[in-house]
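Shown next: target14.txt, containing compact mmCIF, C-alpha atoms.
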# COMPACT_ATOMS: atom_id res chain seq x y z
CA MET U 1 -27.68 -103.44 -20.00
CA ARG U 2 -25.44 -104.22 -17.06
CA SER U 3 -26.78 -106.56 -14.39
CA ALA U 4 -27.07 -103.74 -11.85
CA GLU U 5 -29.20 -101.73 -14.25
CA VAL U 6 -31.36 -104.77 -14.99
CA ARG U 7 -31.98 -105.21 -11.27
CA ARG U 8 -32.94 -101.56 -10.88
CA VAL U 9 -35.38 -101.74 -13.79
CA ALA U 10 -36.87 -104.98 -12.43
CA LEU U 11 -37.30 -103.48 -8.96
CA ARG U 12 -38.88 -100.36 -10.41
CA ALA U 13 -41.30 -102.44 -12.46
CA ALA U 14 -42.09 -104.62 -9.44
CA SER U 15 -42.87 -101.59 -7.29
CA VAL U 16 -45.15 -100.09 -9.93
CA GLY U 17 -46.97 -103.41 -10.36
CA ALA U 18 -47.34 -103.97 -6.62
CA ALA U 19 -48.59 -100.40 -6.14
CA ALA U 20 -51.21 -100.88 -8.87
CA SER U 21 -52.30 -104.15 -7.28
CA LEU U 22 -52.57 -102.49 -3.87
CA ALA U 23 -54.66 -99.67 -5.35
CA LEU U 24 -57.05 -102.23 -6.82
CA THR U 25 -57.20 -104.15 -3.53
CA LEU U 26 -58.13 -100.96 -1.69
CA ASP U 27 -60.80 -100.12 -4.27
CA ASN U 28 -62.25 -103.63 -4.09
CA ALA U 29 -62.31 -103.46 -0.28
CA ARG U 30 -64.55 -100.44 -0.67
CA ARG U 31 -66.79 -101.92 -3.35
CA ILE U 32 -67.13 -105.58 -2.39
CA ARG U 33 -70.69 -106.73 -1.81
CA ARG U 34 -71.61 -108.41 1.45
CA PRO U 35 -74.78 -110.27 2.45
CA ASP U 36 -76.64 -108.24 5.09
CA PRO U 37 -77.65 -110.39 8.09
CA THR U 38 -80.54 -107.99 8.78
CA ALA U 39 -81.95 -108.21 5.24
CA ILE U 40 -85.41 -109.57 4.45
CA ALA U 41 -85.93 -111.95 1.54
CA ASN U 42 -89.09 -112.52 -0.48
CA PRO U 43 -90.72 -115.94 0.10
CA GLU U 44 -89.79 -117.53 -3.23
CA PRO U 45 -88.88 -121.21 -3.73
CA LEU U 46 -85.39 -122.03 -2.51
CA ASN U 47 -83.47 -125.22 -3.21
CA VAL U 48 -80.23 -125.90 -1.33
CA LEU U 49 -78.12 -128.44 -3.23
CA LEU U 50 -75.40 -130.35 -1.41
CA PRO U 51 -73.16 -132.86 -3.26
CA VAL U 52 -71.21 -135.16 -0.92
CA ARG U 53 -68.64 -137.90 -1.37
CA ASP U 54 -66.98 -139.61 1.59
CA GLU U 55 -67.95 -136.84 4.02
CA MET U 56 -68.68 -138.80 7.22
CA ASP U 57 -66.79 -136.27 9.32
CA GLU U 58 -68.49 -133.22 7.83
CA ILE U 59 -72.05 -134.02 6.86
CA ALA U 60 -73.74 -133.89 10.27
CA GLY U 61 -72.26 -130.48 11.11
CA CYS U 62 -73.08 -129.14 7.66
CA LEU U 63 -76.71 -130.27 7.79
CA THR U 64 -77.17 -129.01 11.34
CA ALA U 65 -76.14 -125.54 10.20
CA LEU U 66 -78.24 -125.80 7.03
CA ARG U 67 -81.34 -126.73 9.00
CA ALA U 68 -80.90 -123.73 11.29
CA ALA U 69 -80.58 -121.48 8.24
CA ALA U 70 -83.58 -123.14 6.59
CA ASP U 71 -85.68 -122.36 9.68
CA ARG U 72 -85.39 -118.65 8.83
CA TRP U 73 -86.40 -118.95 5.19
CA PRO U 74 -89.86 -117.38 4.74
CA GLY U 75 -91.02 -119.55 1.84
CA ARG U 76 -90.81 -123.06 0.42
CA ILE U 77 -87.40 -124.65 0.93
CA ARG U 78 -85.90 -128.01 0.03
CA LEU U 79 -82.56 -129.42 1.19
CA LEU U 80 -81.40 -131.83 -1.49
CA VAL U 81 -78.34 -133.94 -0.70
CA LEU U 82 -76.72 -136.28 -3.20
CA ASP U 83 -74.48 -139.09 -2.05
CA ASP U 84 -71.91 -139.37 -4.83
CA GLU U 85 -70.98 -143.05 -4.52
CA SER U 86 -69.43 -142.67 -1.06
CA THR U 87 -67.51 -145.63 0.33
CA ASP U 88 -67.26 -144.54 3.98
CA GLY U 89 -70.87 -144.86 5.14
CA THR U 90 -71.90 -141.31 4.22
CA GLY U 91 -75.01 -142.62 2.42
CA ARG U 92 -76.28 -144.51 5.47
CA LEU U 93 -75.69 -141.50 7.72
CA LEU U 94 -77.59 -139.27 5.29
CA ASP U 95 -80.57 -141.62 5.33
CA GLU U 96 -80.59 -141.47 9.14
CA LEU U 97 -80.40 -137.67 9.18
CA ALA U 98 -83.19 -137.38 6.61
CA ARG U 99 -85.55 -139.20 8.96
CA THR U 100 -85.18 -136.34 11.45
CA ASP U 101 -86.26 -133.56 9.04
CA GLU U 102 -88.74 -133.86 6.18
CA ARG U 103 -87.03 -131.00 4.34
CA ILE U 104 -83.95 -133.17 3.74
CA GLU U 105 -84.21 -135.20 0.54
CA VAL U 106 -81.44 -137.73 -0.03
CA LEU U 107 -80.53 -138.77 -3.55
CA HIS U 108 -78.11 -141.56 -4.38
CA GLY U 109 -75.97 -140.65 -7.36
CA THR U 110 -75.29 -142.70 -10.45
CA PRO U 111 -71.80 -143.42 -11.84
CA THR U 112 -70.05 -140.48 -13.47
CA PRO U 113 -70.47 -140.59 -17.27
CA SER U 114 -67.53 -140.28 -19.62
CA GLY U 115 -66.50 -136.68 -20.18
CA TRP U 116 -67.78 -135.48 -16.80
CA LEU U 117 -66.00 -134.71 -13.56
CA GLY U 118 -67.56 -136.09 -10.41
CA LYS U 119 -68.68 -132.88 -8.70
CA SER U 120 -70.25 -131.39 -11.82
CA TRP U 121 -72.16 -134.63 -12.43
CA ALA U 122 -73.37 -134.64 -8.82
CA CYS U 123 -74.53 -131.02 -9.12
CA GLU U 124 -76.24 -131.77 -12.44
CA GLN U 125 -78.21 -134.60 -10.84
CA LEU U 126 -79.19 -132.33 -7.96
CA SER U 127 -80.36 -129.59 -10.31
CA HIS U 128 -82.56 -132.03 -12.24
CA ASN U 129 -84.38 -132.88 -9.01
CA ALA U 130 -84.70 -129.26 -7.85
CA ASP U 131 -87.47 -126.80 -8.62
CA HIS U 132 -86.90 -124.93 -11.86
CA ASP U 133 -87.94 -121.57 -10.46
CA GLY U 134 -86.75 -119.43 -7.57
CA VAL U 135 -83.13 -119.73 -6.39
CA LEU U 136 -80.57 -122.53 -6.26
CA VAL U 137 -77.89 -122.53 -3.56
CA PHE U 138 -74.95 -124.89 -4.07
CA VAL U 139 -72.99 -125.57 -0.91
CA ASP U 140 -70.10 -127.89 0.01
CA ALA U 141 -70.09 -130.27 2.95
CA ASP U 142 -67.20 -128.51 4.70
CA VAL U 143 -69.12 -125.20 4.81
CA ARG U 144 -70.96 -124.07 7.92
CA LEU U 145 -73.70 -121.54 7.24
CA ALA U 146 -74.75 -118.96 9.79
CA PRO U 147 -78.47 -118.98 10.68
CA ASP U 148 -79.09 -115.89 8.56
CA ALA U 149 -76.94 -117.03 5.61
CA LEU U 150 -79.68 -118.13 3.22
CA VAL U 151 -81.92 -115.11 3.77
CA ALA U 152 -79.02 -112.66 3.56
CA SER U 153 -77.45 -114.25 0.46
CA VAL U 154 -80.67 -114.52 -1.53
CA ALA U 155 -81.62 -110.97 -0.55
CA LEU U 156 -78.24 -109.78 -1.90
CA LEU U 157 -78.82 -111.70 -5.14
CA ARG U 158 -82.19 -110.04 -5.65
CA THR U 159 -81.36 -106.50 -4.53
CA SER U 160 -78.18 -106.43 -6.63
CA GLY U 161 -80.03 -107.46 -9.78
CA LEU U 162 -77.38 -110.09 -10.47
CA ASP U 163 -77.97 -113.65 -11.64
CA LEU U 164 -75.22 -115.29 -9.58
CA ILE U 165 -73.30 -114.32 -6.49
CA SER U 166 -70.54 -116.25 -4.77
CA PRO U 167 -70.23 -115.25 -1.11
CA TYR U 168 -66.75 -116.49 -0.24
CA PRO U 169 -66.89 -118.19 3.17
CA ARG U 170 -64.39 -117.24 5.85
CA GLN U 171 -61.48 -119.60 5.25
CA HIS U 172 -60.19 -121.21 8.43
CA ALA U 173 -56.47 -121.96 8.36
CA THR U 174 -54.63 -123.44 11.33
CA GLY U 175 -51.30 -125.10 10.51
CA PRO U 176 -48.34 -123.41 8.77
CA ALA U 177 -49.16 -124.80 5.31
CA GLU U 178 -52.78 -123.66 5.51
CA ARG U 179 -51.87 -120.21 6.77
CA LEU U 180 -49.31 -119.78 4.00
CA VAL U 181 -51.55 -120.81 1.12
CA GLN U 182 -55.26 -120.43 1.95
CA PRO U 183 -55.34 -116.61 2.25
CA LEU U 184 -54.14 -116.40 -1.35
CA VAL U 185 -57.57 -117.62 -2.49
CA GLN U 186 -59.31 -114.34 -1.67
CA TRP U 187 -56.22 -112.19 -2.21
CA SER U 188 -55.85 -113.48 -5.77
CA TRP U 189 -59.09 -111.89 -6.96
CA MET U 190 -59.15 -108.99 -4.51
CA SER U 191 -55.80 -107.81 -5.94
CA THR U 192 -56.39 -108.51 -9.65
CA LEU U 193 -60.10 -108.33 -10.52
CA PRO U 194 -61.92 -104.97 -10.51
CA LEU U 195 -65.14 -106.10 -8.85
CA GLY U 196 -67.22 -103.10 -9.84
CA LEU U 197 -66.41 -103.66 -13.49
CA ALA U 198 -66.57 -107.45 -13.25
CA GLU U 199 -70.19 -107.52 -12.12
CA ARG U 200 -71.24 -105.26 -15.00
CA SER U 201 -69.07 -106.86 -17.67
CA ALA U 202 -70.29 -109.59 -19.98
CA ARG U 203 -66.71 -110.78 -20.50
CA PRO U 204 -66.37 -114.35 -19.17
CA SER U 205 -62.69 -113.70 -18.39
CA MET U 206 -63.69 -111.21 -15.70
CA SER U 207 -65.01 -113.86 -13.33
CA ALA U 208 -64.25 -115.14 -9.85
CA ALA U 209 -66.37 -117.60 -7.92
CA ASN U 210 -66.12 -120.26 -5.24
CA GLY U 211 -68.14 -123.47 -5.44
CA GLN U 212 -68.19 -123.73 -1.66
CA LEU U 213 -71.19 -121.39 -1.74
CA LEU U 214 -72.91 -120.34 -4.98
CA VAL U 215 -76.28 -118.58 -5.11
CA VAL U 216 -77.86 -118.48 -8.56
CA ASP U 217 -81.21 -117.60 -10.08
CA ALA U 218 -82.71 -120.91 -11.24
CA ALA U 219 -83.81 -119.59 -14.63
CA ALA U 220 -80.36 -118.09 -15.29
CA TYR U 221 -78.71 -121.36 -14.27
CA HIS U 222 -80.75 -123.41 -16.73
CA ARG U 223 -80.40 -120.79 -19.47
CA ALA U 224 -76.61 -121.12 -19.11
CA GLY U 225 -76.82 -124.89 -19.54
CA GLY U 226 -76.36 -125.80 -15.88
CA HIS U 227 -73.44 -127.95 -14.89
CA ALA U 228 -73.64 -129.73 -18.23
CA ALA U 229 -72.04 -126.62 -19.68
CA VAL U 230 -69.01 -127.07 -17.41
CA ARG U 231 -68.93 -130.85 -17.19
CA ALA U 232 -65.19 -131.19 -17.90
CA ASP U 233 -63.94 -128.09 -16.04
CA VAL U 234 -61.84 -128.71 -12.94
CA LEU U 235 -62.68 -125.18 -11.73
CA GLU U 236 -66.38 -125.67 -12.38
CA ASP U 237 -67.39 -122.76 -10.14
CA ILE U 238 -65.61 -120.11 -12.22
CA ALA U 239 -66.66 -121.90 -15.41
CA LEU U 240 -70.31 -121.77 -14.30
CA LEU U 241 -70.17 -118.01 -13.79
CA ARG U 242 -68.58 -117.67 -17.22
CA ALA U 243 -71.40 -119.76 -18.71
CA VAL U 244 -73.95 -117.50 -17.01
CA LYS U 245 -72.22 -114.47 -18.53
CA ARG U 246 -72.11 -116.02 -22.00
CA SER U 247 -75.87 -116.59 -21.80
CA GLY U 248 -76.54 -112.94 -20.96
CA GLY U 249 -76.40 -113.02 -17.17
CA ARG U 250 -74.21 -111.24 -14.65
CA GLY U 251 -72.48 -112.35 -11.47
CA VAL U 252 -69.68 -111.56 -9.05
CA ALA U 253 -67.79 -112.76 -6.01
CA ALA U 254 -68.79 -111.33 -2.63
CA ASP U 255 -67.48 -111.41 0.92
CA GLY U 256 -69.39 -114.14 2.72
CA SER U 257 -67.25 -114.21 5.86
CA ALA U 258 -70.16 -113.03 8.02
CA VAL U 259 -72.52 -115.76 6.82
CA ALA U 260 -70.35 -118.85 6.19
CA ASP U 261 -67.18 -120.58 7.38
CA CYS U 262 -65.09 -123.27 5.74
CA HIS U 263 -62.06 -125.28 6.80
CA MET U 264 -61.10 -126.43 3.33
CA TYR U 265 -57.91 -128.40 3.89
CA HIS U 266 -56.19 -129.80 6.98
CA GLY U 267 -52.40 -129.86 6.83
CA TRP U 268 -49.85 -129.86 4.04
CA ARG U 269 -50.89 -133.21 2.55
CA GLU U 270 -54.47 -132.05 1.94
CA VAL U 271 -53.32 -128.61 0.77
CA ARG U 272 -51.02 -130.21 -1.79
CA ALA U 273 -53.63 -132.71 -3.00
CA GLY U 274 -56.33 -130.06 -3.27
CA TYR U 275 -54.30 -127.58 -5.27
CA ARG U 276 -52.58 -130.27 -7.33
CA LYS U 277 -55.90 -131.18 -8.94
CA SER U 278 -56.68 -127.65 -10.13
CA LEU U 279 -53.78 -125.20 -10.36
CA TRP U 280 -52.63 -126.53 -13.72
CA SER U 281 -55.88 -125.19 -15.21
CA ALA U 282 -56.16 -121.92 -13.30
CA PHE U 283 -54.59 -119.70 -15.96
CA GLY U 284 -55.86 -121.23 -19.17
CA SER U 285 -52.68 -122.69 -20.63
CA LEU U 286 -49.12 -123.62 -19.76
CA PRO U 287 -47.71 -120.34 -21.18
CA GLY U 288 -50.34 -118.44 -19.20
CA THR U 289 -49.41 -120.32 -16.04
CA VAL U 290 -45.70 -119.61 -16.53
CA ALA U 291 -46.41 -115.92 -17.17
CA VAL U 292 -48.61 -115.49 -14.08
CA VAL U 293 -46.22 -117.33 -11.76
CA ALA U 294 -43.26 -115.35 -13.10
CA LEU U 295 -45.13 -112.07 -12.60
CA LEU U 296 -46.10 -112.96 -9.03
CA ASN U 297 -42.49 -113.75 -8.19
CA LEU U 298 -41.30 -110.52 -9.79
CA LEU U 299 -43.80 -108.42 -7.84
CA TYR U 300 -43.67 -110.13 -4.46
CA VAL U 301 -40.47 -112.20 -4.14
CA VAL U 302 -37.81 -110.15 -5.93
CA PRO U 303 -38.37 -106.97 -3.82
CA PRO U 304 -37.89 -108.59 -0.38
CA LEU U 305 -34.78 -110.37 -1.65
CA ALA U 306 -33.44 -107.00 -2.76
CA ALA U 307 -34.44 -105.51 0.59
CA LEU U 308 -32.24 -108.06 2.34
CA ARG U 309 -29.33 -106.60 0.37
CA GLY U 310 -30.17 -103.09 1.56
CA SER U 311 -32.33 -101.88 -1.34
CA ARG U 312 -34.83 -99.19 -0.34
CA ALA U 313 -36.85 -99.91 -3.49
CA GLY U 314 -36.97 -103.53 -2.35
CA VAL U 315 -38.31 -102.48 1.06
CA LEU U 316 -41.00 -100.40 -0.64
CA GLY U 317 -42.02 -103.27 -2.92
CA TYR U 318 -42.18 -105.66 0.03
CA LEU U 319 -44.35 -103.29 2.07
CA LEU U 320 -46.72 -102.77 -0.86
CA GLY U 321 -47.28 -106.53 -1.14
CA VAL U 322 -47.76 -106.96 2.60
CA THR U 323 -50.28 -104.12 2.68
CA SER U 324 -52.28 -105.60 -0.19
CA ARG U 325 -52.39 -108.94 1.59
CA ALA U 326 -53.41 -107.29 4.88
CA VAL U 327 -56.23 -105.30 3.25
CA SER U 328 -57.54 -108.42 1.55
CA ALA U 329 -57.48 -110.40 4.81
CA ARG U 330 -59.23 -107.66 6.76
CA SER U 331 -61.91 -107.35 4.07
CA THR U 332 -62.68 -111.05 3.87
CA GLY U 333 -62.48 -112.16 7.48
CA GLY U 334 -58.96 -113.60 7.39
CA ARG U 335 -56.10 -113.39 9.85
CA VAL U 336 -54.11 -110.23 9.16
CA TRP U 337 -51.03 -110.36 11.38
CA PRO U 338 -48.45 -111.78 11.39
CA ASP U 339 -49.48 -113.80 8.32
CA ALA U 340 -49.36 -110.87 5.88
CA LEU U 341 -45.68 -110.34 6.73
CA VAL U 342 -44.73 -113.66 5.11
CA HIS U 343 -46.52 -112.90 1.84
CA PRO U 344 -43.35 -113.61 -0.21
CA MET U 345 -43.18 -117.09 1.31
CA SER U 346 -46.84 -117.61 0.39
CA ILE U 347 -46.01 -116.79 -3.22
CA LEU U 348 -43.11 -119.25 -3.16
CA ALA U 349 -45.40 -121.95 -1.72
CA PHE U 350 -47.96 -121.17 -4.43
CA THR U 351 -45.23 -121.46 -7.05
CA ALA U 352 -44.20 -124.87 -5.74
CA LEU U 353 -47.83 -126.07 -5.72
CA THR U 354 -48.34 -124.84 -9.28
CA VAL U 355 -45.23 -126.64 -10.54
CA ASP U 356 -46.38 -129.80 -8.76
CA SER U 357 -49.83 -129.53 -10.36
CA VAL U 358 -48.46 -128.99 -13.86
CA LEU U 359 -46.09 -131.94 -13.53
CA ALA U 360 -48.86 -134.18 -12.20
CA ARG U 361 -51.06 -133.18 -15.14
CA ARG U 362 -48.36 -133.90 -17.70
CA THR U 363 -47.58 -137.30 -16.18
CA GLY U 364 -51.21 -138.38 -15.76
CA ARG U 365 -51.14 -138.47 -11.96
CA LEU U 366 -54.09 -136.17 -11.23
CA SER U 367 -56.85 -137.52 -9.02
CA TRP U 368 -59.35 -136.38 -6.42
CA LYS U 369 -61.28 -138.40 -3.86
CA GLY U 370 -60.26 -141.67 -5.44
CA ARG U 371 -61.11 -140.67 -9.01
CA ALA U 372 -58.61 -140.01 -11.79
CA ILE U 373 -58.87 -136.64 -13.52
CA SER U 374 -58.66 -137.53 -17.19
CA GLU U 375 -56.77 -135.80 -20.00
CA THR U 376 -60.10 -134.52 -21.41
CA THR U 377 -60.64 -132.12 -18.51
CA ARG U 378 -60.15 -128.40 -18.81
Take the structure in this file and express it as structure tokens.
Amino acid sequence: MRSAEVRRVALRAASVGAAASLALTLDNARRIRRPDPTAIANPEPLNVLLPVRDEMDEIAGCLTALRAAADRWPGRIRLLVLDDESTDGTGRLLDELARTDERIEVLHGTPTPSGWLGKSWACEQLSHNADHDGVLVFVDADVRLAPDALVASVALLRTSGLDLISPYPRQHATGPAERLVQPLVQWSWMSTLPLGLAERSARPSMSAANGQLLVVDAAAYHRAGGHAAVRADVLEDIALLRAVKRSGGRGVAADGSAVADCHMYHGWREVRAGYRKSLWSAFGSLPGTVAVVALLNLLYVVPPLAALRGSRAGVLGYLLGVTSRAVSARSTGGRVWPDALVHPMSILAFTALTVDSVLARRTGRLSWKGRAISETTR
């Protein structure tokens, strides 16, 4: 085939793929579950589990919001916080905060055993100290819950009949790097995972979750093996949902933008470090990573480049991608305009971050919060 014909076929394929992705995004926007702030929850035991490591700047704000949410819980509630060998005074601050509220129980973590990653080990220790009935809520220190977040999220878990839900917090993004990359978190599953099917399917591959806020039935969590089942997984949140599915449970991602906020990374340096630790493992293998990145560039970078050369098919492909991004942002509490217009640049930034992560993995330079991520991780 001549090069011109190859370009036409590629553009046609890109437009078809982008249109299919947009159709799925629109369908998911209609189906996505959302915690209802007006819902009423049954007064069952609730344990909120918060692992922290070097979180001096975050922990007071997180616990203030958690306490306000705990005030609305109708039954027994415990706020368990584990200091994971912090070096910045987080442990001392936690002890001070615990003296102001008897519901706060501070645990001081033990060194991470061989074969475990730090966060999974912290969550495992928390779960061993929690009640083994009712509901477990795992939350990160950079998350701020709304006062009705716990009641609304647990009510959604119970009324849906699911074993695990992951209400994605609203992701705050301020600087250029954050605004380019962070919206891709929700867009990635809104545009590729059929949520209606995913919550009914037992297939572990049909899973999306976010460890910033996970709500799980305690019995289902322990039946799945808890965090011990995902001890070496960098993306332990998705791995936990897969473990729940393998043990007979069901779960799904939800839109939690009305009940939780999170400012995950601040600036390019944190964005790069955060995604460097995990993107190498996001697609299962190196060939899988290459295939996904190549497909994303075909669907969302090739068309706008062609549009710059006057291609009407390129303009169509570009607009399809922008619309998918805009629908995802509107459905999950993100900024729609003008950010959706630079979707191709977001894909290029994601590509660069993925290459950086893969190279760091292959050269043994992966680390997070002062800890090396070993070759045994998945």
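Ranking U:Ala39, U:Pro51, U:Ala68, U:Pro111 by their shortest atom-to-atom distance to U:Leu94, with only C-alpha atoms included, puts U:Pro51 first.
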Axis-aligned box for all listed atoms of stretch 251-268 of chain U, 6 Å per side, centre and edges in Å to one decimal, as JSON:
{"center_x": -61.2, "center_y": -120.6, "center_z": -1.7, "size_x": 34.7, "size_y": 30.5, "size_z": 31.5}
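Take the candidates U:Val16, U:Leu162, U:Leu22, U:Leu11 and check each one against U:Arg200 using only C-alpha atoms; the shortest distance goes to U:Leu162.
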**OP:** Please provide the set of residues having any atom within 12 Å of U:Thr25, restricted to all atoms listed in the file, with same-chain residues fewer than 5 positions apart removed, written as number ranges by chain.
**Re:** U: 18-20, 30-32, 186-196, 320-332
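Of the listed residues (U:Leu117, U:Ala198, U:Val271, U:Leu157), U:Leu117 comes nearest to U:His227; the distances count only C-alpha atoms.
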Give me, as CSV, the closest atom pair and its distance (Å, one decimal) for every residue of stretch 247-339 of chain U within a cut-off of 8 Å of stretch 210-224 of chain U, counting all atoms listed in the file, rows sorted by chain and rising number.
residue,atom,partner,partner_atom,distance
U:Ser247,CA,U:Ala224,CA,5.3
U:Gly249,CA,U:Ala220,CA,6.7
U:Ala253,CA,U:Asn210,CA,7.7
Please report, as JSON lines, each residue of stretch 293-352 of chain U lying at most 12 Å from stretch 276-282 of chain U, together with the nearest pair of atoms and the separation in Å rounded to one decimal; use all atoms listed in the file, and order rows by chain and ascending residue number.
{"residue": "U:Val293", "atom": "CA", "partner": "U:Leu279", "partner_atom": "CA", "distance": 11.0}
{"residue": "U:Phe350", "atom": "CA", "partner": "U:Leu279", "partner_atom": "CA", "distance": 9.2}
{"residue": "U:Thr351", "atom": "CA", "partner": "U:Leu279", "partner_atom": "CA", "distance": 9.9}
{"residue": "U:Ala352", "atom": "CA", "partner": "U:Arg276", "partner_atom": "CA", "distance": 10.1}
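Rounded to one decimal, atom CA of U:Asn297 and atom CA of U:Ser205 lie 22.6 Å from each other.
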Original post:
For the point (-79.1, -140.2, -5.0) in file coordinates, what residues are within 8 Å, counting all atoms listed in the file? Give the answer as a list of chain:residue names?
Top reply: U:Val81, U:Leu82, U:Asp83, U:Asp84, U:Val106, U:Leu107, U:His108, U:Gly109, U:Thr110
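Comparing the minimum interatomic distances between U:Val230 and each of U:His128, U:Arg8, U:Arg378, U:His172, counting all atoms listed in the file, we find that U:Arg378 sits nearest.
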**OP:** Please provide as a list in words all residues within 8 Å of U:Ala130, with the sequence filter that same-chain residues fewer than 2 positions apart are discarded (counting all atoms listed in the file).
**Re:** Asn47, Leu80, Leu126, Ser127, His128 and His132 of chain U
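Remark: for U:Gly175, the closest of the candidate residues U:Asp131, U:Ser86, U:His266, U:Lys245 is U:His266 (distances computed over all atoms listed in the file).
Taking atom CA of U:Leu305 and atom CA of U:Pro338 as the two end points, the separation is 18.9 Å.
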Could you add whatever atoms are missing so that stretch 290-304 of chain U carries N, CA, C and O atoms, then write the result as a short mmCIF file (atom, residue, chain, number, x, y, z; two decimals), in the coordinates of the input?
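Contents of selection.cif, freshly written:
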data_model
loop_
_atom_site.label_atom_id
_atom_site.label_comp_id
_atom_site.auth_asym_id
_atom_site.auth_seq_id
_atom_site.Cartn_x
_atom_site.Cartn_y
_atom_site.Cartn_z
N VAL U 290 -47.09 -120.06 -16.70
CA VAL U 290 -45.70 -119.61 -16.53
C VAL U 290 -45.65 -118.10 -16.39
O VAL U 290 -44.94 -117.55 -15.53
N ALA U 291 -46.43 -117.39 -17.21
CA ALA U 291 -46.41 -115.92 -17.17
C ALA U 291 -46.93 -115.40 -15.84
O ALA U 291 -46.33 -114.48 -15.24
N VAL U 292 -48.03 -115.96 -15.34
CA VAL U 292 -48.61 -115.49 -14.08
C VAL U 292 -47.68 -115.77 -12.91
O VAL U 292 -47.45 -114.90 -12.06
N VAL U 293 -47.13 -116.97 -12.86
CA VAL U 293 -46.22 -117.33 -11.76
C VAL U 293 -44.98 -116.45 -11.80
O VAL U 293 -44.49 -115.98 -10.75
N ALA U 294 -44.44 -116.21 -12.99
CA ALA U 294 -43.26 -115.35 -13.10
C ALA U 294 -43.57 -113.94 -12.64
O ALA U 294 -42.77 -113.30 -11.93
N LEU U 295 -44.75 -113.42 -13.01
CA LEU U 295 -45.13 -112.07 -12.60
C LEU U 295 -45.30 -111.98 -11.09
O LEU U 295 -44.85 -111.01 -10.46
N LEU U 296 -45.93 -112.97 -10.49
CA LEU U 296 -46.10 -112.96 -9.03
C LEU U 296 -44.75 -112.95 -8.32
O LEU U 296 -44.57 -112.24 -7.32
N ASN U 297 -43.82 -113.72 -8.82
CA ASN U 297 -42.49 -113.75 -8.19
C ASN U 297 -41.75 -112.43 -8.39
O ASN U 297 -41.03 -111.98 -7.50
N LEU U 298 -41.92 -111.82 -9.56
CA LEU U 298 -41.30 -110.52 -9.79
C LEU U 298 -41.85 -109.47 -8.83
O LEU U 298 -41.09 -108.71 -8.22
N LEU U 299 -43.18 -109.46 -8.66
CA LEU U 299 -43.80 -108.42 -7.84
C LEU U 299 -43.59 -108.63 -6.35
O LEU U 299 -43.44 -107.65 -5.60
N TYR U 300 -43.59 -109.90 -5.89
CA TYR U 300 -43.67 -110.13 -4.46
C TYR U 300 -42.52 -110.93 -3.84
O TYR U 300 -42.46 -111.04 -2.62
N VAL U 301 -41.63 -111.48 -4.67
CA VAL U 301 -40.47 -112.20 -4.14
C VAL U 301 -39.17 -111.45 -4.41
O VAL U 301 -38.32 -111.34 -3.51
N VAL U 302 -39.03 -110.89 -5.60
CA VAL U 302 -37.81 -110.15 -5.93
C VAL U 302 -37.59 -108.95 -4.99
O VAL U 302 -36.47 -108.75 -4.48
N PRO U 303 -38.61 -108.12 -4.70
CA PRO U 303 -38.37 -106.97 -3.82
C PRO U 303 -37.86 -107.33 -2.42
O PRO U 303 -36.87 -106.72 -1.96
N PRO U 304 -38.45 -108.29 -1.70
CA PRO U 304 -37.89 -108.59 -0.38
C PRO U 304 -36.47 -109.17 -0.44
O PRO U 304 -35.68 -108.95 0.48
#
